[in-house]
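So this one's run-v9.pdb, PDB, C-alpha atoms and all ligand atoms:
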```
MODEL        1
ATOM      1  CA  MET A   1      54.378  -9.370  82.910  1.00  0.00           C
ATOM      2  CA  LEU A   2      51.995  -6.591  81.960  1.00  0.00           C
ATOM      3  CA  ILE A   3      52.672  -4.011  84.669  1.00  0.00           C
ATOM      4  CA  LYS A   4      50.361  -1.026  84.479  1.00  0.00           C
ATOM      5  CA  GLY A   5      51.048   0.709  87.767  1.00  0.00           C
ATOM      6  CA  PHE A   6      53.663   0.968  90.496  1.00  0.00           C
ATOM      7  CA  GLN A   7      53.398   2.552  93.937  1.00  0.00           C
ATOM      8  CA  LYS A   8      56.875   2.937  95.320  1.00  0.00           C
ATOM      9  CA  LEU A   9      56.035   2.912  99.002  1.00  0.00           C
ATOM     10  CA  THR A  10      53.052   1.802 101.075  1.00  0.00           C
ATOM     11  CA  VAL A  11      52.499   0.916 104.704  1.00  0.00           C
ATOM     12  CA  LEU A  12      48.831   0.073 104.072  1.00  0.00           C
ATOM     13  CA  ASP A  13      48.788  -2.591 101.364  1.00  0.00           C
ATOM     14  CA  PHE A  14      50.786  -5.375 103.053  1.00  0.00           C
ATOM     15  CA  PRO A  15      49.988  -6.030 106.746  1.00  0.00           C
ATOM     16  CA  GLY A  16      53.074  -5.675 108.925  1.00  0.00           C
ATOM     17  CA  ARG A  17      55.376  -4.705 106.051  1.00  0.00           C
ATOM     18  CA  THR A  18      56.764  -1.600 104.416  1.00  0.00           C
ATOM     19  CA  ALA A  19      56.131  -2.422 100.808  1.00  0.00           C
ATOM     20  CA  CYS A  20      55.722  -1.273  97.257  1.00  0.00           C
ATOM     21  CA  THR A  21      52.735  -2.220  95.128  1.00  0.00           C
ATOM     22  CA  VAL A  22      52.802  -3.588  91.587  1.00  0.00           C
ATOM     23  CA  PHE A  23      49.564  -3.309  89.562  1.00  0.00           C
ATOM     24  CA  THR A  24      49.143  -5.855  86.770  1.00  0.00           C
ATOM     25  CA  GLY A  25      46.882  -5.215  83.786  1.00  0.00           C
ATOM     26  CA  GLY A  26      43.687  -7.007  82.806  1.00  0.00           C
ATOM     27  CA  CYS A  27      40.916  -8.784  84.670  1.00  0.00           C
ATOM     28  CA  ASN A  28      38.346 -11.453  83.816  1.00  0.00           C
ATOM     29  CA  PHE A  29      35.736  -9.710  85.999  1.00  0.00           C
ATOM     30  CA  ARG A  30      33.980  -6.429  85.264  1.00  0.00           C
ATOM     31  CA  CYS A  31      32.866  -5.306  88.727  1.00  0.00           C
ATOM     32  CA  PRO A  32      30.926  -2.063  88.141  1.00  0.00           C
ATOM     33  CA  PHE A  33      32.522  -0.633  91.307  1.00  0.00           C
ATOM     34  CA  CYS A  34      36.074  -1.552  90.230  1.00  0.00           C
ATOM     35  CA  HIS A  35      38.248   1.329  91.364  1.00  0.00           C
ATOM     36  CA  ASN A  36      41.006   0.537  88.843  1.00  0.00           C
ATOM     37  CA  ALA A  37      38.923   0.487  85.674  1.00  0.00           C
ATOM     38  CA  LEU A  38      41.745   1.564  83.363  1.00  0.00           C
ATOM     39  CA  LEU A  39      43.946  -1.268  84.636  1.00  0.00           C
ATOM     40  CA  VAL A  40      41.193  -3.695  83.757  1.00  0.00           C
ATOM     41  CA  THR A  41      40.068  -2.460  80.359  1.00  0.00           C
ATOM     42  CA  GLU A  42      43.121  -0.912  78.685  1.00  0.00           C
ATOM     43  CA  MET A  43      45.377  -3.819  77.940  1.00  0.00           C
ATOM     44  CA  ASP A  44      47.694  -2.785  75.168  1.00  0.00           C
ATOM     45  CA  GLU A  45      50.371  -0.686  76.818  1.00  0.00           C
ATOM     46  CA  TYR A  46      53.173  -1.469  79.237  1.00  0.00           C
ATOM     47  CA  PHE A  47      53.774   1.334  81.701  1.00  0.00           C
ATOM     48  CA  TYR A  48      56.556  -0.190  83.786  1.00  0.00           C
ATOM     49  CA  SER A  49      59.201  -2.753  82.972  1.00  0.00           C
ATOM     50  CA  GLU A  50      60.247  -5.435  85.437  1.00  0.00           C
ATOM     51  CA  GLU A  51      63.732  -3.873  85.361  1.00  0.00           C
ATOM     52  CA  GLU A  52      62.336  -0.623  86.758  1.00  0.00           C
ATOM     53  CA  ILE A  53      60.616  -2.479  89.586  1.00  0.00           C
ATOM     54  CA  PHE A  54      63.710  -4.515  90.474  1.00  0.00           C
ATOM     55  CA  GLU A  55      65.996  -1.466  90.259  1.00  0.00           C
ATOM     56  CA  HIS A  56      63.735   0.330  92.725  1.00  0.00           C
ATOM     57  CA  LEU A  57      63.697  -2.667  95.074  1.00  0.00           C
ATOM     58  CA  GLU A  58      67.475  -2.857  94.988  1.00  0.00           C
ATOM     59  CA  LYS A  59      67.795   0.874  95.759  1.00  0.00           C
ATOM     60  CA  ARG A  60      65.268   0.812  98.608  1.00  0.00           C
ATOM     61  CA  LYS A  61      66.008  -2.588 100.114  1.00  0.00           C
ATOM     62  CA  ASN A  62      66.901  -1.005 103.439  1.00  0.00           C
ATOM     63  CA  VAL A  63      63.392   0.432 103.704  1.00  0.00           C
ATOM     64  CA  ILE A  64      61.154  -1.987 101.803  1.00  0.00           C
ATOM     65  CA  ASP A  65      60.686  -5.583 102.918  1.00  0.00           C
ATOM     66  CA  GLY A  66      57.651  -6.617 100.910  1.00  0.00           C
ATOM     67  CA  VAL A  67      55.975  -6.381  97.511  1.00  0.00           C
ATOM     68  CA  ALA A  68      52.198  -6.367  97.108  1.00  0.00           C
ATOM     69  CA  VAL A  69      51.116  -7.672  93.708  1.00  0.00           C
ATOM     70  CA  THR A  70      47.618  -6.569  92.768  1.00  0.00           C
ATOM     71  CA  GLY A  71      45.583  -5.810  89.663  1.00  0.00           C
ATOM     72  CA  GLY A  72      43.537  -6.178  87.730  1.00  0.00           C
ATOM     73  CA  GLU A  73      43.844  -9.882  88.395  1.00  0.00           C
ATOM     74  CA  PRO A  74      47.500 -10.896  88.834  1.00  0.00           C
ATOM     75  CA  LEU A  75      46.850 -14.599  88.199  1.00  0.00           C
ATOM     76  CA  LEU A  76      45.912 -13.799  84.598  1.00  0.00           C
ATOM     77  CA  GLN A  77      49.589 -13.084  83.928  1.00  0.00           C
ATOM     78  CA  LYS A  78      51.229 -16.043  82.172  1.00  0.00           C
ATOM     79  CA  ASP A  79      54.544 -15.563  83.961  1.00  0.00           C
ATOM     80  CA  ILE A  80      53.267 -14.609  87.405  1.00  0.00           C
ATOM     81  CA  GLU A  81      55.040 -17.559  89.081  1.00  0.00           C
ATOM     82  CA  ARG A  82      58.430 -16.512  87.651  1.00  0.00           C
ATOM     83  CA  PHE A  83      57.857 -12.881  88.679  1.00  0.00           C
ATOM     84  CA  LEU A  84      56.933 -13.834  92.255  1.00  0.00           C
ATOM     85  CA  TYR A  85      59.902 -16.207  92.382  1.00  0.00           C
ATOM     86  CA  GLU A  86      62.279 -13.389  91.404  1.00  0.00           C
ATOM     87  CA  ILE A  87      60.837 -11.091  94.057  1.00  0.00           C
ATOM     88  CA  LYS A  88      61.229 -13.788  96.712  1.00  0.00           C
ATOM     89  CA  GLU A  89      64.712 -14.666  95.527  1.00  0.00           C
ATOM     90  CA  LYS A  90      65.756 -11.059  96.089  1.00  0.00           C
ATOM     91  CA  GLY A  91      64.672 -11.393  99.704  1.00  0.00           C
ATOM     92  CA  PHE A  92      61.288  -9.634  99.722  1.00  0.00           C
ATOM     93  CA  ALA A  93      58.049 -11.012 101.110  1.00  0.00           C
ATOM     94  CA  VAL A  94      55.118 -11.261  98.662  1.00  0.00           C
ATOM     95  CA  LYS A  95      51.502 -10.331  99.176  1.00  0.00           C
ATOM     96  CA  LEU A  96      49.183 -11.496  96.412  1.00  0.00           C
ATOM     97  CA  ASP A  97      45.734 -10.040  95.745  1.00  0.00           C
ATOM     98  CA  THR A  98      43.312 -12.190  93.756  1.00  0.00           C
ATOM     99  CA  ASN A  99      39.669 -12.469  92.813  1.00  0.00           C
ATOM    100  CA  GLY A 100      39.898 -16.229  93.381  1.00  0.00           C
ATOM    101  CA  SER A 101      38.894 -17.378  89.926  1.00  0.00           C
ATOM    102  CA  PHE A 102      42.094 -19.300  89.127  1.00  0.00           C
ATOM    103  CA  PRO A 103      42.392 -21.925  91.878  1.00  0.00           C
ATOM    104  CA  GLU A 104      44.899 -24.115  90.009  1.00  0.00           C
ATOM    105  CA  LYS A 105      47.276 -21.212  89.583  1.00  0.00           C
ATOM    106  CA  LEU A 106      46.754 -20.152  93.186  1.00  0.00           C
ATOM    107  CA  ASP A 107      47.424 -23.705  94.356  1.00  0.00           C
ATOM    108  CA  GLY A 108      50.693 -23.820  92.410  1.00  0.00           C
ATOM    109  CA  ILE A 109      51.841 -20.553  93.940  1.00  0.00           C
ATOM    110  CA  LEU A 110      50.970 -21.733  97.445  1.00  0.00           C
ATOM    111  CA  GLN A 111      52.683 -25.096  96.891  1.00  0.00           C
ATOM    112  CA  LEU A 112      55.840 -23.366  95.689  1.00  0.00           C
ATOM    113  CA  GLY A 113      55.844 -20.978  98.636  1.00  0.00           C
ATOM    114  CA  LEU A 114      55.741 -17.941  96.342  1.00  0.00           C
ATOM    115  CA  ALA A 115      53.326 -15.901  98.482  1.00  0.00           C
ATOM    116  CA  ASP A 116      53.539 -14.976 102.180  1.00  0.00           C
ATOM    117  CA  TYR A 117      50.091 -13.402 102.396  1.00  0.00           C
ATOM    118  CA  VAL A 118      47.037 -13.652 100.147  1.00  0.00           C
ATOM    119  CA  ALA A 119      44.093 -11.243 100.091  1.00  0.00           C
ATOM    120  CA  MET A 120      41.115 -12.663  98.237  1.00  0.00           C
ATOM    121  CA  ASP A 121      38.048 -10.657  97.272  1.00  0.00           C
ATOM    122  CA  ILE A 122      34.709 -12.220  98.107  1.00  0.00           C
ATOM    123  CA  LYS A 123      32.463 -10.152  95.898  1.00  0.00           C
ATOM    124  CA  ASN A 124      29.089 -11.087  97.369  1.00  0.00           C
ATOM    125  CA  CYS A 125      26.978 -14.037  98.527  1.00  0.00           C
ATOM    126  CA  PRO A 126      26.929 -16.959  96.037  1.00  0.00           C
ATOM    127  CA  GLU A 127      23.510 -16.209  94.517  1.00  0.00           C
ATOM    128  CA  LYS A 128      24.497 -12.628  93.603  1.00  0.00           C
ATOM    129  CA  TYR A 129      28.068 -13.313  92.493  1.00  0.00           C
ATOM    130  CA  GLY A 130      27.615 -13.038  88.721  1.00  0.00           C
ATOM    131  CA  VAL A 131      25.633  -9.833  88.770  1.00  0.00           C
ATOM    132  CA  THR A 132      28.057  -8.262  91.249  1.00  0.00           C
ATOM    133  CA  ILE A 133      31.120  -8.951  89.097  1.00  0.00           C
ATOM    134  CA  GLY A 134      29.439  -7.872  85.840  1.00  0.00           C
ATOM    135  CA  VAL A 135      29.539 -11.431  84.418  1.00  0.00           C
ATOM    136  CA  PRO A 136      25.949 -12.663  84.958  1.00  0.00           C
ATOM    137  CA  ASP A 137      26.532 -16.294  83.915  1.00  0.00           C
ATOM    138  CA  PHE A 138      29.699 -16.713  86.024  1.00  0.00           C
ATOM    139  CA  ASP A 139      30.094 -20.163  87.582  1.00  0.00           C
ATOM    140  CA  ILE A 140      31.348 -19.672  91.159  1.00  0.00           C
ATOM    141  CA  LYS A 141      32.976 -23.107  91.438  1.00  0.00           C
ATOM    142  CA  PRO A 142      36.536 -21.758  91.034  1.00  0.00           C
ATOM    143  CA  VAL A 143      35.889 -19.149  93.721  1.00  0.00           C
ATOM    144  CA  CYS A 144      34.633 -21.890  96.069  1.00  0.00           C
ATOM    145  CA  GLU A 145      37.784 -23.880  95.341  1.00  0.00           C
ATOM    146  CA  SER A 146      40.042 -20.907  96.085  1.00  0.00           C
ATOM    147  CA  ILE A 147      38.237 -20.320  99.393  1.00  0.00           C
ATOM    148  CA  GLU A 148      38.875 -23.920 100.421  1.00  0.00           C
ATOM    149  CA  LEU A 149      42.486 -23.799  99.228  1.00  0.00           C
ATOM    150  CA  LEU A 150      43.249 -20.800 101.388  1.00  0.00           C
ATOM    151  CA  LYS A 151      41.451 -22.217 104.404  1.00  0.00           C
ATOM    152  CA  ASN A 152      43.561 -25.373 104.190  1.00  0.00           C
ATOM    153  CA  SER A 153      46.848 -23.754 103.151  1.00  0.00           C
ATOM    154  CA  GLY A 154      48.354 -22.750 106.484  1.00  0.00           C
ATOM    155  CA  ILE A 155      49.336 -19.428 104.847  1.00  0.00           C
ATOM    156  CA  ASP A 156      48.406 -16.010 106.234  1.00  0.00           C
ATOM    157  CA  TYR A 157      45.374 -14.762 104.314  1.00  0.00           C
ATOM    158  CA  GLU A 158      42.314 -12.566 104.448  1.00  0.00           C
ATOM    159  CA  PHE A 159      38.972 -12.398 102.728  1.00  0.00           C
ATOM    160  CA  ARG A 160      37.481  -8.994 102.033  1.00  0.00           C
ATOM    161  CA  THR A 161      34.344  -7.543 100.528  1.00  0.00           C
ATOM    162  CA  THR A 162      33.882  -4.086  99.061  1.00  0.00           C
ATOM    163  CA  VAL A 163      30.358  -3.037  99.990  1.00  0.00           C
ATOM    164  CA  THR A 164      28.140  -0.983  97.669  1.00  0.00           C
ATOM    165  CA  ALA A 165      24.610   0.322  98.051  1.00  0.00           C
ATOM    166  CA  ASP A 166      23.867  -1.009  94.580  1.00  0.00           C
ATOM    167  CA  PHE A 167      24.745  -4.688  95.079  1.00  0.00           C
ATOM    168  CA  HIS A 168      24.965  -5.492  98.803  1.00  0.00           C
ATOM    169  CA  THR A 169      22.202  -5.715 101.386  1.00  0.00           C
ATOM    170  CA  ILE A 170      22.767  -6.460 105.064  1.00  0.00           C
ATOM    171  CA  ASP A 171      21.373  -9.959 104.471  1.00  0.00           C
ATOM    172  CA  ASP A 172      23.825 -10.489 101.588  1.00  0.00           C
ATOM    173  CA  ILE A 173      26.765  -9.766 103.892  1.00  0.00           C
ATOM    174  CA  GLU A 174      25.439 -12.177 106.504  1.00  0.00           C
ATOM    175  CA  LYS A 175      25.106 -14.892 103.832  1.00  0.00           C
ATOM    176  CA  THR A 176      28.616 -14.129 102.571  1.00  0.00           C
ATOM    177  CA  ALA A 177      30.103 -14.485 106.042  1.00  0.00           C
ATOM    178  CA  GLN A 178      28.221 -17.739 106.550  1.00  0.00           C
ATOM    179  CA  TRP A 179      29.660 -19.029 103.261  1.00  0.00           C
ATOM    180  CA  ILE A 180      33.277 -18.291 104.249  1.00  0.00           C
ATOM    181  CA  GLN A 181      33.004 -19.010 107.964  1.00  0.00           C
ATOM    182  CA  GLY A 182      36.135 -20.495 109.489  1.00  0.00           C
ATOM    183  CA  ALA A 183      38.278 -17.737 107.930  1.00  0.00           C
ATOM    184  CA  PRO A 184      40.608 -16.048 110.428  1.00  0.00           C
ATOM    185  CA  ARG A 185      40.162 -12.563 108.953  1.00  0.00           C
ATOM    186  CA  TYR A 186      37.336 -10.934 107.062  1.00  0.00           C
ATOM    187  CA  PHE A 187      37.283  -7.234 106.206  1.00  0.00           C
ATOM    188  CA  LEU A 188      34.350  -5.164 105.035  1.00  0.00           C
ATOM    189  CA  GLN A 189      35.343  -2.011 103.222  1.00  0.00           C
ATOM    190  CA  ASN A 190      32.879   0.616 102.068  1.00  0.00           C
ATOM    191  CA  PHE A 191      32.941   1.553  98.398  1.00  0.00           C
ATOM    192  CA  GLU A 192      34.654   4.851  97.664  1.00  0.00           C
ATOM    193  CA  ASP A 193      34.567   6.611  94.328  1.00  0.00           C
ATOM    194  CA  SER A 194      38.132   6.659  92.946  1.00  0.00           C
ATOM    195  CA  GLY A 195      37.042   8.636  89.879  1.00  0.00           C
ATOM    196  CA  ASN A 196      38.217   5.719  87.716  1.00  0.00           C
ATOM    197  CA  LEU A 197      35.228   3.351  87.784  1.00  0.00           C
ATOM    198  CA  ILE A 198      33.669   0.946  85.310  1.00  0.00           C
ATOM    199  CA  ASP A 199      30.224   2.301  86.295  1.00  0.00           C
ATOM    200  CA  SER A 200      30.342   5.840  87.632  1.00  0.00           C
ATOM    201  CA  SER A 201      26.884   5.585  89.261  1.00  0.00           C
ATOM    202  CA  CYS A 202      27.996   3.218  92.083  1.00  0.00           C
ATOM    203  CA  ARG A 203      27.545   4.341  95.690  1.00  0.00           C
ATOM    204  CA  GLY A 204      28.701   3.243  99.103  1.00  0.00           C
ATOM    205  CA  VAL A 205      26.483   2.577 102.136  1.00  0.00           C
ATOM    206  CA  SER A 206      26.015   4.614 105.321  1.00  0.00           C
ATOM    207  CA  ARG A 207      28.202   4.140 108.392  1.00  0.00           C
ATOM    208  CA  ASP A 208      25.208   2.726 110.277  1.00  0.00           C
ATOM    209  CA  GLU A 209      24.656   0.109 107.580  1.00  0.00           C
ATOM    210  CA  MET A 210      28.353  -0.801 107.672  1.00  0.00           C
ATOM    211  CA  ARG A 211      28.129  -1.302 111.438  1.00  0.00           C
ATOM    212  CA  GLU A 212      25.016  -3.489 111.062  1.00  0.00           C
ATOM    213  CA  MET A 213      26.720  -5.506 108.323  1.00  0.00           C
ATOM    214  CA  LEU A 214      29.697  -6.034 110.611  1.00  0.00           C
ATOM    215  CA  LYS A 215      27.443  -7.288 113.414  1.00  0.00           C
ATOM    216  CA  ARG A 216      25.829  -9.791 111.037  1.00  0.00           C
ATOM    217  CA  ALA A 217      29.201 -10.914 109.674  1.00  0.00           C
ATOM    218  CA  GLN A 218      30.520 -11.430 113.197  1.00  0.00           C
ATOM    219  CA  LYS A 219      27.794 -14.023 113.820  1.00  0.00           C
ATOM    220  CA  PHE A 220      29.894 -16.314 111.592  1.00  0.00           C
ATOM    221  CA  ILE A 221      33.358 -14.752 111.704  1.00  0.00           C
ATOM    222  CA  PRO A 222      33.864 -13.245 115.170  1.00  0.00           C
ATOM    223  CA  ASN A 223      37.066 -11.516 114.092  1.00  0.00           C
ATOM    224  CA  ALA A 224      35.447  -9.701 111.133  1.00  0.00           C
ATOM    225  CA  GLN A 225      36.370  -6.022 110.978  1.00  0.00           C
ATOM    226  CA  LEU A 226      35.578  -2.819 109.129  1.00  0.00           C
ATOM    227  CA  ARG A 227      38.468  -1.429 107.127  1.00  0.00           C
ATOM    228  CA  GLY A 228      38.942   2.246 106.338  1.00  0.00           C
ATOM    229  CA  MET A 229      36.386   3.579 108.832  1.00  0.00           C
TER     230      MET A 229
HETATM  231  S1  LIG B 301      37.436  -4.962  91.294  1.00  0.00           S
HETATM  232 FE1  LIG B 301      39.097  -6.447  91.043  1.00  0.00          FE
HETATM  233  S2  LIG B 301      38.063  -8.283  90.293  1.00  0.00           S
HETATM  234 FE2  LIG B 301      36.659  -6.588  89.934  1.00  0.00          FE
HETATM  235  S3  LIG B 301      37.064  -5.863  87.835  1.00  0.00           S
HETATM  236 FE3  LIG B 301      38.338  -4.625  89.225  1.00  0.00          FE
HETATM  237  S4  LIG B 301      40.300  -5.673  89.310  1.00  0.00           S
HETATM  238 FE4  LIG B 301      38.798  -7.144  88.493  1.00  0.00          FE
ENDMDL
END
```
Represent the supplied structure as structure tokens.
Amino acid sequence: MLIKGFQKLTVLDFPGRTACTVFTGGCNFRCPFCHNALLVTEMDEYFYSEEEIFEHLEKRKNVIDGVAVTGGEPLLQKDIERFLYEIKEKGFAVKLDTNGSFPEKLDGILQLGLADYVAMDIKNCPEKYGVTIGVPDFDIKPVCESIELLKNSGIDYEFRTTVTADFHTIDDIEKTAQWIQGAPRYFLQNFEDSGNLIDSSCRGVSRDEMREMLKRAQKFIPNAQLRGM
């Protein structure tokens, strides 16, 4: 496992759990608004060993009951299944974040019961997917497959979209919600500048636009919510 970051305690990353967060390195997307650009582009150095993560879990097992595994794109890791298995075997719940582009790997993880909660990014409506992820000729078929897998999995999951002024119009969000309708949870989160972006010119949208986007999304997903506002 290429582990590039480790947050020892979070009550925000894993719904209903006190967790730690493991950040894996590398991603097949290049979203200009990626807030973890160094995790995505700098691939050659390990920052944390699995031993360090498991030692911390052992020490804090009275406080922590979950591990959020995020990236980058965690499903790019060759040994992700083994890593999740070891976390589960030690008695911790697993939340997996994914961009949805590896449906076969996701399916295997769901079949094996290696994730308790999955958060999948829906980057934009289908016609603007490639440009939004910085891979203009991207074929969205795998993303469509991952959406269907989660909808039919019986697992707890959410879809979420990070909204930017540069790539997302109100109509785009309505089309996105229509595409994924039937999902139990859909979160819209406004872009915030982390200072560690792939493209430093990205901007968020106004609060009023976020509210209008939410209204449009709720036409198709009544339980859609704004996150972080
Ligand atoms: S935002 Fe997520 S999917 Fe996009 S480049 Fe960053 S880590 Fe990859």
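Remark: for ligand LIG 301 (chain B), the closest of the candidate residues A:Leu57, A:Val163, A:Val11, A:Leu106 is A:Val163 (distances computed over only C-alpha atoms and all ligand atoms).
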For this session: Evaluate the PyMOL selection byres (((chain A and resi 172) around 10) and not hetatm) and record the selected residues as a ChimeraX atom specification, following the chain and residue labels used in the document.
Result: /A:124-128,167-171,173-178,213,216-217
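Comparing the minimum interatomic distances between ligand LIG 301 (chain B) and each of A:Glu86, A:Asp121, A:Asp79, A:Glu52, counting all atoms listed in the file, we find that A:Asp121 sits nearest.
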Nearby residues, ligand LIG 301 (chain B), 12 Å, only C-alpha atoms and all ligand atoms, as an mmCIF file with C-alpha atoms, in the frame of the given file:
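Output saved as part31.cif:
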```cif
data_model
loop_
_atom_site.group_PDB
_atom_site.id
_atom_site.type_symbol
_atom_site.label_atom_id
_atom_site.label_comp_id
_atom_site.auth_asym_id
_atom_site.auth_seq_id
_atom_site.Cartn_x
_atom_site.Cartn_y
_atom_site.Cartn_z
ATOM 1 C CA PHE A 23 49.564 -3.309 89.562
ATOM 2 C CA THR A 24 49.143 -5.855 86.770
ATOM 3 C CA GLY A 25 46.882 -5.215 83.786
ATOM 4 C CA GLY A 26 43.687 -7.007 82.806
ATOM 5 C CA CYS A 27 40.916 -8.784 84.670
ATOM 6 C CA ASN A 28 38.346 -11.453 83.816
ATOM 7 C CA PHE A 29 35.736 -9.710 85.999
ATOM 8 C CA ARG A 30 33.980 -6.429 85.264
ATOM 9 C CA CYS A 31 32.866 -5.306 88.727
ATOM 10 C CA PRO A 32 30.926 -2.063 88.141
ATOM 11 C CA PHE A 33 32.522 -0.633 91.307
ATOM 12 C CA CYS A 34 36.074 -1.552 90.230
ATOM 13 C CA HIS A 35 38.248 1.329 91.364
ATOM 14 C CA ASN A 36 41.006 0.537 88.843
ATOM 15 C CA ALA A 37 38.923 0.487 85.674
ATOM 16 C CA LEU A 38 41.745 1.564 83.363
ATOM 17 C CA LEU A 39 43.946 -1.268 84.636
ATOM 18 C CA VAL A 40 41.193 -3.695 83.757
ATOM 19 C CA THR A 41 40.068 -2.460 80.359
ATOM 20 C CA GLU A 42 43.121 -0.912 78.685
ATOM 21 C CA VAL A 69 51.116 -7.672 93.708
ATOM 22 C CA THR A 70 47.618 -6.569 92.768
ATOM 23 C CA GLY A 71 45.583 -5.810 89.663
ATOM 24 C CA GLY A 72 43.537 -6.178 87.730
ATOM 25 C CA GLU A 73 43.844 -9.882 88.395
ATOM 26 C CA PRO A 74 47.500 -10.896 88.834
ATOM 27 C CA LEU A 75 46.850 -14.599 88.199
ATOM 28 C CA LEU A 76 45.912 -13.799 84.598
ATOM 29 C CA ASP A 97 45.734 -10.040 95.745
ATOM 30 C CA THR A 98 43.312 -12.190 93.756
ATOM 31 C CA ASN A 99 39.669 -12.469 92.813
ATOM 32 C CA GLY A 100 39.898 -16.229 93.381
ATOM 33 C CA SER A 101 38.894 -17.378 89.926
ATOM 34 C CA PHE A 102 42.094 -19.300 89.127
ATOM 35 C CA ALA A 119 44.093 -11.243 100.091
ATOM 36 C CA MET A 120 41.115 -12.663 98.237
ATOM 37 C CA ASP A 121 38.048 -10.657 97.272
ATOM 38 C CA ILE A 122 34.709 -12.220 98.107
ATOM 39 C CA LYS A 123 32.463 -10.152 95.898
ATOM 40 C CA ASN A 124 29.089 -11.087 97.369
ATOM 41 C CA TYR A 129 28.068 -13.313 92.493
ATOM 42 C CA GLY A 130 27.615 -13.038 88.721
ATOM 43 C CA VAL A 131 25.633 -9.833 88.770
ATOM 44 C CA THR A 132 28.057 -8.262 91.249
ATOM 45 C CA ILE A 133 31.120 -8.951 89.097
ATOM 46 C CA GLY A 134 29.439 -7.872 85.840
ATOM 47 C CA VAL A 135 29.539 -11.431 84.418
ATOM 48 C CA VAL A 143 35.889 -19.149 93.721
ATOM 49 C CA ARG A 160 37.481 -8.994 102.033
ATOM 50 C CA THR A 161 34.344 -7.543 100.528
ATOM 51 C CA THR A 162 33.882 -4.086 99.061
ATOM 52 C CA VAL A 163 30.358 -3.037 99.990
ATOM 53 C CA THR A 164 28.140 -0.983 97.669
ATOM 54 C CA PHE A 191 32.941 1.553 98.398
ATOM 55 C CA SER A 194 38.132 6.659 92.946
ATOM 56 C CA ASN A 196 38.217 5.719 87.716
ATOM 57 C CA LEU A 197 35.228 3.351 87.784
ATOM 58 C CA ILE A 198 33.669 0.946 85.310
ATOM 59 C CA ASP A 199 30.224 2.301 86.295
#
```
For this session: Just give me the gap between atom CA of Gly228 of chain A and atom CA of Tyr157 of chain A in Å, one decimal is fine.
Result: 18.3 Å
For this session: I need the residue set behind the PyMOL selection byres (((chain A and resi 68) around 8) and not hetatm) for this file; please write it as a PyMOL selection string.
Result: chain A and resi 13-14+19-22+66-67+69-70+94-97
Suppose we keep C-alpha atoms; can you now write the selection as an mmCIF file, in the coordinates of the input?
```
data_model
loop_
_atom_site.group_PDB
_atom_site.id
_atom_site.type_symbol
_atom_site.label_atom_id
_atom_site.label_comp_id
_atom_site.auth_asym_id
_atom_site.auth_seq_id
_atom_site.Cartn_x
_atom_site.Cartn_y
_atom_site.Cartn_z
ATOM 1 C CA ASP A 13 48.788 -2.591 101.364
ATOM 2 C CA PHE A 14 50.786 -5.375 103.053
ATOM 3 C CA ALA A 19 56.131 -2.422 100.808
ATOM 4 C CA CYS A 20 55.722 -1.273 97.257
ATOM 5 C CA THR A 21 52.735 -2.220 95.128
ATOM 6 C CA VAL A 22 52.802 -3.588 91.587
ATOM 7 C CA GLY A 66 57.651 -6.617 100.910
ATOM 8 C CA VAL A 67 55.975 -6.381 97.511
ATOM 9 C CA VAL A 69 51.116 -7.672 93.708
ATOM 10 C CA THR A 70 47.618 -6.569 92.768
ATOM 11 C CA VAL A 94 55.118 -11.261 98.662
ATOM 12 C CA LYS A 95 51.502 -10.331 99.176
ATOM 13 C CA LEU A 96 49.183 -11.496 96.412
ATOM 14 C CA ASP A 97 45.734 -10.040 95.745
#
```
Exercise. Rounded to one decimal in Å, what is the spacing between atom CA of Gly91 of chain A and atom CA of Arg17 of chain A?
Worked result: 13.1 Å
For this session: Identify, on the basis of only C-alpha atoms, every residue whose closest approach to Asp208 of chain A does not exceed 12 Å; exclude the query and any residue fewer than 4 positions from it along the same chain; express the result as a VMD selection string.
Result: chain A and resid 170 190 204 212 to 215 226 229
Restricting it to C-alpha atoms, dump the selection as a PDB file, in the frame of the given file.
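Saved result, out.pdb, follows:
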```
ATOM      1  CA  ILE A 170      22.767  -6.460 105.064  1.00  0.00           C
ATOM      2  CA  ASN A 190      32.879   0.616 102.068  1.00  0.00           C
ATOM      3  CA  GLY A 204      28.701   3.243  99.103  1.00  0.00           C
ATOM      4  CA  GLU A 212      25.016  -3.489 111.062  1.00  0.00           C
ATOM      5  CA  MET A 213      26.720  -5.506 108.323  1.00  0.00           C
ATOM      6  CA  LEU A 214      29.697  -6.034 110.611  1.00  0.00           C
ATOM      7  CA  LYS A 215      27.443  -7.288 113.414  1.00  0.00           C
ATOM      8  CA  LEU A 226      35.578  -2.819 109.129  1.00  0.00           C
ATOM      9  CA  MET A 229      36.386   3.579 108.832  1.00  0.00           C
TER      10      MET A 229
END
```
Exercise. Distance atom CA of Tyr48 of chain A-atom CA of Phe6 of chain A, one decimal place?
Worked result: 7.4 Å
I'd like the box whose edges run along x, y and z of the file and which contains every listed atom of segment 178-196 of chain A, padded by 8 Å per side; could you state its centre and edge lengths in Å, one decimal, as JSON?
```
{"center_x": 34.4, "center_y": -5.9, "center_z": 99.1, "size_x": 28.4, "size_y": 45.1, "size_z": 38.7}
```
Exercise. So, counting all atoms listed in the file, which residue among A:Met210, A:Ala115, A:Ala183, A:Leu150 is closest to Pro222 of chain A?
Worked result: A:Ala183
Exercise. What lies within 8 Å of Arg203 of chain A using all atoms listed in the file, ignoring chain neighbours under 2 positions off, as JSON, numbers by chain?
Worked result: {"A": [164, 165, 166, 191, 192, 193, 201, 205]}
For this session: Could you list the residues chosen by the PyMOL selection byres (((chain A and resi 108) around 12) and not hetatm) in this structure as a PyMOL selection string?
Result: chain A and resi 75+80-82+84-85+102-107+109-115+146+149+153
